[in-house]
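Containing CSV, C-alpha atoms and all ligand atoms: coords_34.csv.
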chain,number,residue,atom,x,y,z
A,1,MET,CA,19.8,3.4,-18.5
A,2,ARG,CA,17.6,5.8,-20.4
A,3,VAL,CA,14.4,7.3,-19.1
A,4,HIS,CA,11.7,8.5,-21.5
A,5,ILE,CA,9.2,11.0,-20.2
A,6,LEU,CA,6.2,9.7,-22.2
A,7,GLY,CA,3.8,12.2,-20.6
A,8,SER,CA,4.3,15.0,-18.1
A,9,GLY,CA,0.8,16.3,-17.6
A,10,THR,CA,-1.7,16.2,-14.7
A,11,SER,CA,-5.0,14.3,-15.1
A,12,SER,CA,-6.7,16.9,-17.4
A,13,GLY,CA,-3.7,17.2,-19.7
A,14,VAL,CA,-2.5,20.5,-21.1
A,15,PRO,CA,-4.1,22.3,-22.9
A,16,VAL,CA,-7.2,21.7,-20.9
A,17,ILE,CA,-10.3,21.4,-23.0
A,18,GLY,CA,-11.9,24.8,-23.4
A,19,CYS,CA,-9.2,26.8,-21.5
A,20,HIS,CA,-7.8,30.0,-22.9
A,21,CYS,CA,-5.0,30.6,-20.4
A,22,SER,CA,-1.6,31.5,-21.7
A,23,VAL,CA,-0.2,28.0,-21.1
A,24,CYS,CA,-3.1,26.3,-22.8
A,25,ARG,CA,-2.7,28.7,-25.8
A,26,SER,CA,1.1,28.4,-25.8
A,27,SER,CA,2.7,27.1,-29.0
A,28,ASP,CA,5.8,25.8,-27.0
A,29,PRO,CA,5.7,22.0,-27.2
A,30,LYS,CA,7.0,22.0,-23.6
A,31,ASN,CA,3.7,23.5,-22.5
A,32,GLN,CA,1.7,20.7,-24.2
A,33,ARG,CA,1.4,17.8,-21.8
A,34,THR,CA,-0.1,14.4,-22.2
A,35,ARG,CA,-1.0,12.4,-19.1
A,36,ALA,CA,1.9,11.2,-16.9
A,37,SER,CA,3.9,8.1,-17.8
A,38,ILE,CA,7.5,7.0,-18.3
A,39,ALA,CA,9.5,4.2,-19.8
A,40,VAL,CA,12.9,3.0,-18.5
A,41,SER,CA,15.2,1.2,-20.9
A,42,GLU,CA,18.5,-0.5,-20.4
A,43,ALA,CA,20.4,-3.2,-22.4
A,44,GLY,CA,17.6,-3.5,-24.9
A,45,ARG,CA,14.9,-4.0,-22.4
A,46,THR,CA,12.1,-1.6,-21.5
A,47,VAL,CA,9.7,-1.3,-18.7
A,48,MET,CA,6.8,1.2,-18.9
A,49,ILE,CA,5.1,2.8,-15.9
A,50,ASP,CA,1.3,3.3,-16.4
A,51,THR,CA,-0.8,3.3,-19.5
A,52,SER,CA,-2.0,6.9,-19.9
A,53,PRO,CA,-4.9,7.8,-22.2
A,54,GLU,CA,-2.4,8.9,-24.8
A,55,MET,CA,-0.2,5.8,-24.4
A,56,ARG,CA,-0.3,4.9,-28.1
A,57,LEU,CA,0.9,8.3,-29.3
A,58,GLN,CA,3.5,8.5,-26.5
A,59,VAL,CA,5.1,5.2,-27.3
A,60,ILE,CA,5.2,5.9,-31.0
A,61,ARG,CA,6.8,9.3,-30.4
A,62,ALA,CA,9.4,7.7,-28.1
A,63,GLY,CA,10.3,5.2,-30.8
A,64,ILE,CA,9.4,2.3,-28.5
A,65,GLU,CA,8.4,-0.8,-30.5
A,66,ASP,CA,8.0,-3.3,-27.7
A,67,ILE,CA,8.1,-3.4,-23.9
A,68,ASP,CA,9.2,-6.2,-21.6
A,69,GLY,CA,7.1,-5.3,-18.6
A,70,LEU,CA,4.6,-2.9,-17.2
A,71,LEU,CA,4.3,-1.3,-13.7
A,72,TYR,CA,1.2,0.5,-12.4
A,73,SER,CA,1.5,3.3,-9.9
A,74,HIS,CA,-2.3,3.2,-9.2
A,75,MET,CA,-5.6,2.9,-10.9
A,76,HIS,CA,-6.7,6.5,-11.6
A,77,ALA,CA,-7.9,7.0,-15.1
A,78,ASP,CA,-5.1,9.2,-16.1
A,79,HIS,CA,-2.7,6.3,-15.4
A,80,THR,CA,-4.7,3.4,-16.8
A,81,ALA,CA,-7.1,4.6,-19.6
A,82,GLY,CA,-4.7,3.5,-22.3
A,83,PHE,CA,-4.8,-0.1,-21.2
A,84,ASP,CA,-6.5,-1.3,-24.4
A,85,ASP,CA,-3.5,-0.2,-26.5
A,86,LEU,CA,-1.4,-2.9,-24.8
A,87,ARG,CA,-2.9,-5.1,-27.6
A,88,ALA,CA,-0.3,-3.7,-30.0
A,89,PHE,CA,2.5,-5.3,-28.0
A,90,PHE,CA,0.8,-8.6,-28.2
A,91,PHE,CA,0.3,-8.3,-32.0
A,92,LYS,CA,4.1,-8.0,-32.2
A,93,THR,CA,5.3,-10.5,-29.6
A,94,ARG,CA,2.3,-13.0,-29.4
A,95,ARG,CA,3.0,-13.4,-25.7
A,96,PRO,CA,1.2,-11.8,-22.7
A,97,LEU,CA,2.8,-8.9,-21.0
A,98,ASP,CA,3.9,-9.2,-17.3
A,99,CYS,CA,2.4,-6.5,-15.3
A,100,TYR,CA,3.0,-5.5,-11.6
A,101,LEU,CA,0.5,-3.6,-9.5
A,102,LEU,CA,-0.4,-3.3,-5.9
A,103,PRO,CA,-2.3,-6.4,-4.8
A,104,GLU,CA,-5.4,-4.4,-3.8
A,105,TYR,CA,-5.7,-3.1,-7.4
A,106,PHE,CA,-6.2,-6.5,-9.0
A,107,GLU,CA,-9.9,-6.5,-8.8
A,108,GLU,CA,-10.2,-2.8,-9.8
A,109,LEU,CA,-8.2,-3.4,-13.0
A,110,LYS,CA,-10.2,-6.6,-13.8
A,111,THR,CA,-13.5,-4.8,-13.3
A,112,ARG,CA,-12.5,-1.7,-15.3
A,113,PHE,CA,-11.3,-3.8,-18.2
A,114,ARG,CA,-13.4,-6.8,-17.7
A,115,TYR,CA,-13.4,-7.9,-21.4
A,116,ALA,CA,-9.6,-8.5,-21.1
A,117,PHE,CA,-10.0,-11.0,-18.2
A,118,VAL,CA,-13.3,-12.7,-18.8
A,119,ASP,CA,-14.3,-14.6,-22.0
A,120,LEU,CA,-17.3,-12.5,-23.3
A,121,GLY,CA,-17.3,-14.2,-26.7
A,122,TYR,CA,-15.4,-11.3,-28.3
A,123,HIS,CA,-13.7,-12.3,-31.5
A,124,GLY,CA,-10.9,-9.8,-31.6
A,125,VAL,CA,-7.7,-9.7,-29.6
A,126,THR,CA,-8.0,-8.2,-26.1
A,127,PRO,CA,-5.0,-6.9,-24.1
A,128,GLN,CA,-3.1,-9.9,-22.8
A,129,VAL,CA,-1.5,-9.4,-19.4
A,130,ASN,CA,-0.3,-11.5,-16.6
A,131,LEU,CA,-0.8,-9.7,-13.3
A,132,HIS,CA,1.7,-9.9,-10.4
A,133,ALA,CA,1.5,-8.3,-7.0
A,134,ILE,CA,4.1,-5.7,-6.2
A,135,PRO,CA,5.9,-7.1,-3.2
A,136,ASP,CA,6.8,-5.0,-0.1
A,137,GLU,CA,10.6,-5.4,-0.8
A,138,SER,CA,12.8,-5.1,-3.9
A,139,PHE,CA,12.0,-7.4,-6.8
A,140,HIS,CA,13.7,-8.4,-10.1
A,141,PHE,CA,11.6,-7.7,-13.2
A,142,ALA,CA,12.4,-7.6,-16.9
A,143,GLY,CA,16.1,-7.2,-16.2
A,144,PHE,CA,15.7,-4.5,-13.6
A,145,ASP,CA,16.2,-4.5,-9.9
A,146,ILE,CA,13.2,-2.4,-8.6
A,147,GLU,CA,12.5,-1.2,-5.1
A,148,PRO,CA,8.9,-0.1,-4.6
A,149,VAL,CA,7.7,2.6,-2.2
A,150,ARG,CA,4.1,2.5,-1.0
A,151,LEU,CA,2.6,6.1,-1.0
A,152,GLN,CA,-0.6,7.6,0.2
A,153,HIS,CA,-2.6,9.5,-2.5
A,154,GLY,CA,-5.7,10.9,-0.8
A,155,ASN,CA,-7.7,7.9,0.1
A,156,VAL,CA,-6.0,5.5,-2.2
A,157,PRO,CA,-2.5,4.0,-2.3
A,158,SER,CA,0.0,4.7,-5.0
A,159,CYS,CA,3.4,3.0,-5.7
A,160,GLY,CA,6.7,4.7,-6.6
A,161,PHE,CA,9.7,2.8,-8.0
A,162,ARG,CA,13.5,3.0,-7.6
A,163,PHE,CA,15.7,1.6,-10.3
A,164,GLY,CA,19.1,1.8,-8.8
A,165,ARG,CA,20.1,5.5,-8.9
A,166,PHE,CA,16.9,6.6,-10.6
A,167,ALA,CA,13.4,6.9,-9.0
A,168,TYR,CA,9.9,7.7,-10.3
A,169,VAL,CA,7.2,8.6,-7.9
A,170,THR,CA,3.9,10.0,-9.0
A,171,ASP,CA,0.6,10.8,-7.3
A,172,PHE,CA,1.3,11.0,-3.6
A,173,LYS,CA,0.8,13.5,-0.8
A,174,ASN,CA,3.5,12.4,1.7
A,175,PHE,CA,6.6,10.4,1.3
A,176,PRO,CA,7.3,7.9,4.1
A,177,LEU,CA,10.0,9.1,6.5
A,178,LYS,CA,11.5,5.6,6.7
A,179,LYS,CA,12.1,5.6,3.0
A,180,ILE,CA,13.6,9.1,3.1
A,181,GLU,CA,16.1,7.7,5.5
A,182,GLU,CA,16.7,4.6,3.4
A,183,TRP,CA,16.9,6.3,0.0
A,184,ARG,CA,18.8,9.5,1.1
A,185,GLY,CA,21.9,9.9,-1.0
A,186,LYS,CA,21.1,6.9,-3.2
A,187,ILE,CA,19.3,8.7,-6.0
A,188,ASP,CA,21.0,10.7,-8.7
A,189,VAL,CA,17.9,11.5,-10.8
A,190,MET,CA,14.3,11.5,-9.5
A,191,VAL,CA,11.1,12.3,-11.5
A,192,ALA,CA,8.3,13.1,-9.2
A,193,SER,CA,4.8,14.6,-9.5
A,194,GLY,CA,4.4,18.3,-8.5
A,195,ILE,CA,1.2,19.6,-10.2
A,196,HIS,CA,1.6,23.4,-9.5
A,197,PHE,CA,2.6,26.0,-6.9
A,198,GLY,CA,-0.8,26.1,-5.2
A,199,THR,CA,-2.2,23.8,-2.6
A,200,HIS,CA,-3.7,20.3,-3.2
A,201,THR,CA,-5.2,17.8,-0.8
A,202,THR,CA,-4.1,14.6,-2.5
A,203,HIS,CA,-1.0,15.6,-4.3
A,204,SER,CA,2.4,16.8,-3.4
A,205,VAL,CA,2.7,20.3,-5.0
A,206,ILE,CA,5.9,21.8,-6.4
A,207,PRO,CA,7.3,23.3,-3.1
A,208,GLU,CA,6.7,20.0,-1.3
A,209,THR,CA,8.2,18.0,-4.1
A,210,LEU,CA,11.3,20.3,-4.1
A,211,GLN,CA,11.5,19.6,-0.3
A,212,LEU,CA,11.4,15.9,-1.0
A,213,PHE,CA,14.3,16.2,-3.5
A,214,ASP,CA,16.2,18.1,-0.9
A,215,ASP,CA,15.4,15.5,1.8
A,216,LEU,CA,16.6,12.7,-0.4
A,217,ALA,CA,19.6,14.7,-1.6
A,218,VAL,CA,18.9,13.9,-5.3
A,219,LYS,CA,21.4,15.4,-7.7
A,220,ARG,CA,18.8,16.2,-10.3
A,221,GLY,CA,15.1,16.5,-9.6
A,222,ILE,CA,12.5,16.6,-12.4
A,223,ILE,CA,9.0,17.7,-11.7
A,224,SER,CA,6.2,16.0,-13.7
A,225,HIS,CA,2.4,15.6,-13.6
A,226,LEU,CA,2.1,19.3,-14.3
A,227,ALA,CA,-1.0,21.4,-14.6
A,228,HIS,CA,-1.7,24.3,-16.9
A,229,ASP,CA,-0.6,26.8,-14.1
A,230,VAL,CA,3.0,26.0,-14.9
A,231,ASP,CA,4.7,27.7,-17.9
A,232,TYR,CA,7.8,25.8,-18.8
A,233,VAL,CA,9.9,28.8,-19.6
A,234,GLU,CA,8.3,31.6,-17.4
A,235,HIS,CA,8.3,29.5,-14.3
A,236,ALA,CA,11.7,27.9,-14.7
A,237,ALA,CA,13.1,30.7,-12.5
A,238,LEU,CA,11.1,29.5,-9.6
A,239,LEU,CA,13.1,26.3,-9.3
A,240,PRO,CA,16.5,25.8,-7.7
A,241,ASN,CA,19.5,24.8,-9.8
A,242,PHE,CA,19.1,21.1,-9.3
A,243,ALA,CA,15.5,21.0,-10.4
A,244,GLU,CA,13.6,21.4,-13.7
A,245,TYR,CA,10.3,20.6,-15.2
A,246,ALA,CA,9.6,17.5,-17.2
A,247,PHE,CA,8.2,17.8,-20.7
A,248,ASP,CA,6.8,15.3,-23.1
A,249,GLY,CA,9.5,13.6,-25.1
A,250,MET,CA,12.3,14.4,-22.7
A,251,THR,CA,14.9,11.7,-22.3
A,252,ILE,CA,17.4,11.3,-19.5
A,253,ASP,CA,20.5,9.2,-19.8
A,254,LEU,CA,21.6,8.1,-16.4
A,255,GLU,CA,25.2,7.1,-17.1
A,256,ALA,CA,25.9,10.3,-18.9
A,257,LEU,CA,24.7,12.3,-15.9
A,258,VAL,CA,26.3,10.3,-13.2
A,259,SER,CA,29.8,10.0,-14.6
M,301,ZN,ZN,-2.4,11.2,-11.9
M,302,ZN,ZN,-5.3,26.6,-19.2
M,303,ZN,ZN,-3.9,9.7,-9.1
In C-alpha cells, write the structure found in this file.
Amino acid sequence: MRVHILGSGTSSGVPVIGCHCSVCRSSDPKNQRTRASIAVSEAGRTVMIDTSPEMRLQVIRAGIEDIDGLLYSHMHADHTAGFDDLRAFFFKTRRPLDCYLLPEYFEELKTRFRYAFVDLGYHGVTPQVNLHAIPDESFHFAGFDIEPVRLQHGNVPSCGFRFGRFAYVTDFKNFPLKKIEEWRGKIDVMVASGIHFGTHTTHSVIPETLQLFDDLAVKRGIISHLAHDVDYVEHAALLPNFAEYAFDGMTIDLEALVS
C-alpha cells in the first residue's frame, strides 16, 4: 500500500496570500503546502480522500491518472473546492465515480455543486459521481477494507478512515475514546491534522495530535494540515522520534515500513 500526500496545508495554504513571514518566503518546497488531501493506492487501485482546491495539480504531480473511488472527510471548502476537476476522470473512464461521504453531507454537496446533480441545460460534461453514505461500521470500497471514525470538528462532523494498518484523520478536535481503545496498537502509520503549536477551537493542534499518536501507539505519526507557523526544518526538533511533518509530494510505502 502506498500513500501519497497530495496536500499538507491548512485551509489558507502556505504561502498565505500577502504574508511575508519566513515560512511563506521559504524556498524549501517542504514549506510550500497545498490544501490537505491524500491518495491511497494498492494493487493498481487508488482511492482519494477529498478534492482540495489544488486537486488537479496534486494528482498530476503524484502521477495519478485515474482513481477508483473518492472519500470525503467533510465539506469545508479546503476539502471540496476541487470537485469540478473530477471531470477529468470521467473523460478517461466514461463512468461515474463512486464517492462516499457522511449522509448528512449529501444535500450540502448537491447544493454547493448543483450543476453536477441537476440538469440545467449545460452542454459540457459536469462531474459524474454516485454518492454513497459512509456507514457506521467498516465497509469494502474499491478493493479496500475501510473503517470510518466519526469525529467532531467544531460544530460540524468530520470522518477519518483506517485502511488496515494505516489511518488518515483530518479536521477534528477530539478523538473518540472508544475508538482509541479499539484502534490502539492496530496502526503502524497515521497521518493526522495538527495545524500548529498554538491553540485552536475546532482543530487538534500539534501537541494534541502527538498525544493521539501516543494514545493509539502508532509506530510512525505524520502531522499534516499545517499552517505557516511551522517550518519543516526548523521545527522538526520539536517532534519526538516517531513523528514528522507531512509535505506535499511525500509518499509512504506501508509494507516497506512494517516489515
Ligand atoms: Zn481543513
Ligand atoms: Zn506566513
Ligand atoms: Zn475543516
Subject >> Nearest to ligand ZN 303 (chain M), chosen from A:His225, A:Arg87, A:His123, A:Arg114, with all atoms listed in the file counted in the distances >> reply: A:His225
Original post:
Any idea what's packed within 9 Å of stretch 64-79 of chain A, counting all atoms listed in the file, ignoring anything in its chain fewer than 2 positions away? Could you give it as a count of residues only?
Top reply: 53
Subject >> Nearest to ligand ZN 303 (chain M), chosen from A:Asp248, A:Ile222, A:Gly9, A:Trp183, with all atoms listed in the file counted in the distances >> reply: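 That would be A:Gly9, the residue with the smallest distance to ligand ZN 303 (chain M).
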**OP:** Return the single residue from A:Thr199, A:Gln32, A:Asn130, A:Thr111 that is closest to ligand ZN 302 (chain M), with distances computed using all atoms listed in the file.
**Re:**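 Among A:Thr199, A:Gln32, A:Asn130, A:Thr111, it is A:Gln32 that comes nearest to ligand ZN 302 (chain M).
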Subject >> Best match for closeness to ligand ZN 303 (chain M) among A:Met1, A:Phe113, A:Asn155, A:Pro176, counting all atoms listed in the file >> reply: A:Asn155
Original post:
How would you write, as a ChimeraX atom specification, the set of residues no farther than 10 Å from ligand ZN 302 (chain M) when counting only C-alpha atoms and all ligand atoms?
Top reply: /A:12-26,227-230
Original post:
Closest to ligand ZN 301 (chain M) among A:Thr209, A:Gly44, A:Pro29, A:Gly7, using only C-alpha atoms and all ligand atoms?
Top reply: A:Gly7
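Atom pair atom CA of A:Lys173 / atom CA of A:Val218 has a distance of 18.7 Å (rounded to one decimal).
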Original post:
At what distance in Å, to one decimal, does atom CA of A:Leu57 lie from atom CA of A:Asp84?
Top reply: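 So the two atoms, atom CA of A:Asp84 and atom CA of A:Leu57, lie 13.1 Å apart.
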**OP:** Could you check how far atom CA of A:Ile38 sits from atom CA of A:Met190, in Å to one decimal?
**Re:**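 Computed distance, atom CA of A:Ile38 to atom CA of A:Met190, equals 12.0 Å.
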Fewer than 5 positions away in the same chain doesn't count, so skip those; otherwise give me all residues within 10 Å of A:Arg220, counting all atoms listed in the file, as an mmCIF file with C-alpha atoms, keeping the file's coordinate frame.
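Okay, this is what ended up in out_29.cif:
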data_model
loop_
_atom_site.group_PDB
_atom_site.id
_atom_site.type_symbol
_atom_site.label_atom_id
_atom_site.label_comp_id
_atom_site.auth_asym_id
_atom_site.auth_seq_id
_atom_site.Cartn_x
_atom_site.Cartn_y
_atom_site.Cartn_z
ATOM 1 C CA PHE A 166 16.900 6.600 -10.600
ATOM 2 C CA ILE A 187 19.300 8.700 -6.000
ATOM 3 C CA ASP A 188 21.000 10.700 -8.700
ATOM 4 C CA VAL A 189 17.900 11.500 -10.800
ATOM 5 C CA MET A 190 14.300 11.500 -9.500
ATOM 6 C CA VAL A 191 11.100 12.300 -11.500
ATOM 7 C CA PHE A 213 14.300 16.200 -3.500
ATOM 8 C CA ASP A 214 16.200 18.100 -0.900
ATOM 9 C CA ASN A 241 19.500 24.800 -9.800
ATOM 10 C CA PHE A 242 19.100 21.100 -9.300
ATOM 11 C CA ALA A 243 15.500 21.000 -10.400
ATOM 12 C CA GLU A 244 13.600 21.400 -13.700
ATOM 13 C CA LEU A 257 24.700 12.300 -15.900
ATOM 14 C CA VAL A 258 26.300 10.300 -13.200
#
Original post:
With distances taken over all atoms listed in the file, which of A:Ile5, A:Val129, A:Leu86, A:Leu177 is nearest to A:Tyr245?
Top reply: A:Ile5
**OP:** Would you list the contacts of A:Lys179 as a count of residues only, taking every protein, DNA or RNA residue within 12 Å and counting all atoms listed in the file, but skipping same-chain residues closer than 6 positions in sequence?
**Re:** 15
Could you please fill out stretch 218-243 of chain A with N, CA and C atoms and send it back as a CSV table (one decimal), in the coordinates of the input?
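Ended up saving to out-v5.csv:
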chain,number,residue,atom,x,y,z
A,218,VAL,N,18.7,14.3,-3.9
A,218,VAL,CA,18.9,13.9,-5.3
A,218,VAL,C,19.7,14.9,-6.0
A,219,LYS,N,20.5,14.5,-7.0
A,219,LYS,CA,21.4,15.4,-7.7
A,219,LYS,C,20.6,16.2,-8.7
A,220,ARG,N,19.6,15.5,-9.3
A,220,ARG,CA,18.8,16.2,-10.3
A,220,ARG,C,17.3,15.8,-10.1
A,221,GLY,N,16.5,16.8,-9.8
A,221,GLY,CA,15.1,16.5,-9.6
A,221,GLY,C,14.2,17.1,-10.7
A,222,ILE,N,13.4,16.2,-11.2
A,222,ILE,CA,12.5,16.6,-12.4
A,222,ILE,C,11.1,16.5,-12.0
A,223,ILE,N,10.4,17.6,-12.1
A,223,ILE,CA,9.0,17.7,-11.7
A,223,ILE,C,8.0,17.4,-12.8
A,224,SER,N,7.1,16.4,-12.6
A,224,SER,CA,6.2,16.0,-13.7
A,224,SER,C,4.7,16.1,-13.2
A,225,HIS,N,3.8,15.5,-13.9
A,225,HIS,CA,2.4,15.6,-13.6
A,225,HIS,C,1.9,17.0,-13.4
A,226,LEU,N,2.3,17.9,-14.4
A,226,LEU,CA,2.1,19.3,-14.3
A,226,LEU,C,0.8,19.8,-14.8
A,227,ALA,N,0.3,20.8,-14.1
A,227,ALA,CA,-1.0,21.4,-14.6
A,227,ALA,C,-0.7,22.6,-15.5
A,228,HIS,N,-1.8,23.2,-15.9
A,228,HIS,CA,-1.7,24.3,-16.9
A,228,HIS,C,-1.3,25.6,-16.2
A,229,ASP,N,-1.1,25.6,-14.8
A,229,ASP,CA,-0.6,26.8,-14.1
A,229,ASP,C,0.9,27.0,-14.3
A,230,VAL,N,1.6,26.0,-14.8
A,230,VAL,CA,3.0,26.0,-14.9
A,230,VAL,C,3.4,26.3,-16.4
A,231,ASP,N,4.1,27.4,-16.6
A,231,ASP,CA,4.7,27.7,-17.9
A,231,ASP,C,6.1,27.2,-17.9
A,232,TYR,N,6.5,26.4,-18.8
A,232,TYR,CA,7.8,25.8,-18.8
A,232,TYR,C,8.9,26.8,-18.7
A,233,VAL,N,8.8,27.8,-19.5
A,233,VAL,CA,9.9,28.8,-19.6
A,233,VAL,C,9.7,29.9,-18.5
A,234,GLU,N,8.5,30.5,-18.4
A,234,GLU,CA,8.3,31.6,-17.4
A,234,GLU,C,8.6,31.2,-16.0
A,235,HIS,N,8.2,30.0,-15.6
A,235,HIS,CA,8.3,29.5,-14.3
A,235,HIS,C,9.6,28.7,-13.9
A,236,ALA,N,10.5,28.6,-14.9
A,236,ALA,CA,11.7,27.9,-14.7
A,236,ALA,C,12.5,28.6,-13.6
A,237,ALA,N,12.4,29.9,-13.5
A,237,ALA,CA,13.1,30.7,-12.5
A,237,ALA,C,12.7,30.4,-11.1
A,238,LEU,N,11.6,29.8,-10.9
A,238,LEU,CA,11.1,29.5,-9.6
A,238,LEU,C,11.7,28.2,-9.0
A,239,LEU,N,12.5,27.6,-9.8
A,239,LEU,CA,13.1,26.3,-9.3
A,239,LEU,C,14.6,26.5,-9.0
A,240,PRO,N,15.1,25.8,-8.0
A,240,PRO,CA,16.5,25.8,-7.7
A,240,PRO,C,17.3,25.1,-8.8
A,241,ASN,N,18.6,25.3,-8.7
A,241,ASN,CA,19.5,24.8,-9.8
A,241,ASN,C,19.4,23.3,-10.1
A,242,PHE,N,19.1,22.6,-9.1
A,242,PHE,CA,19.1,21.1,-9.3
A,242,PHE,C,17.8,20.6,-9.8
A,243,ALA,N,16.8,21.5,-10.0
A,243,ALA,CA,15.5,21.0,-10.4
A,243,ALA,C,15.0,21.6,-11.7
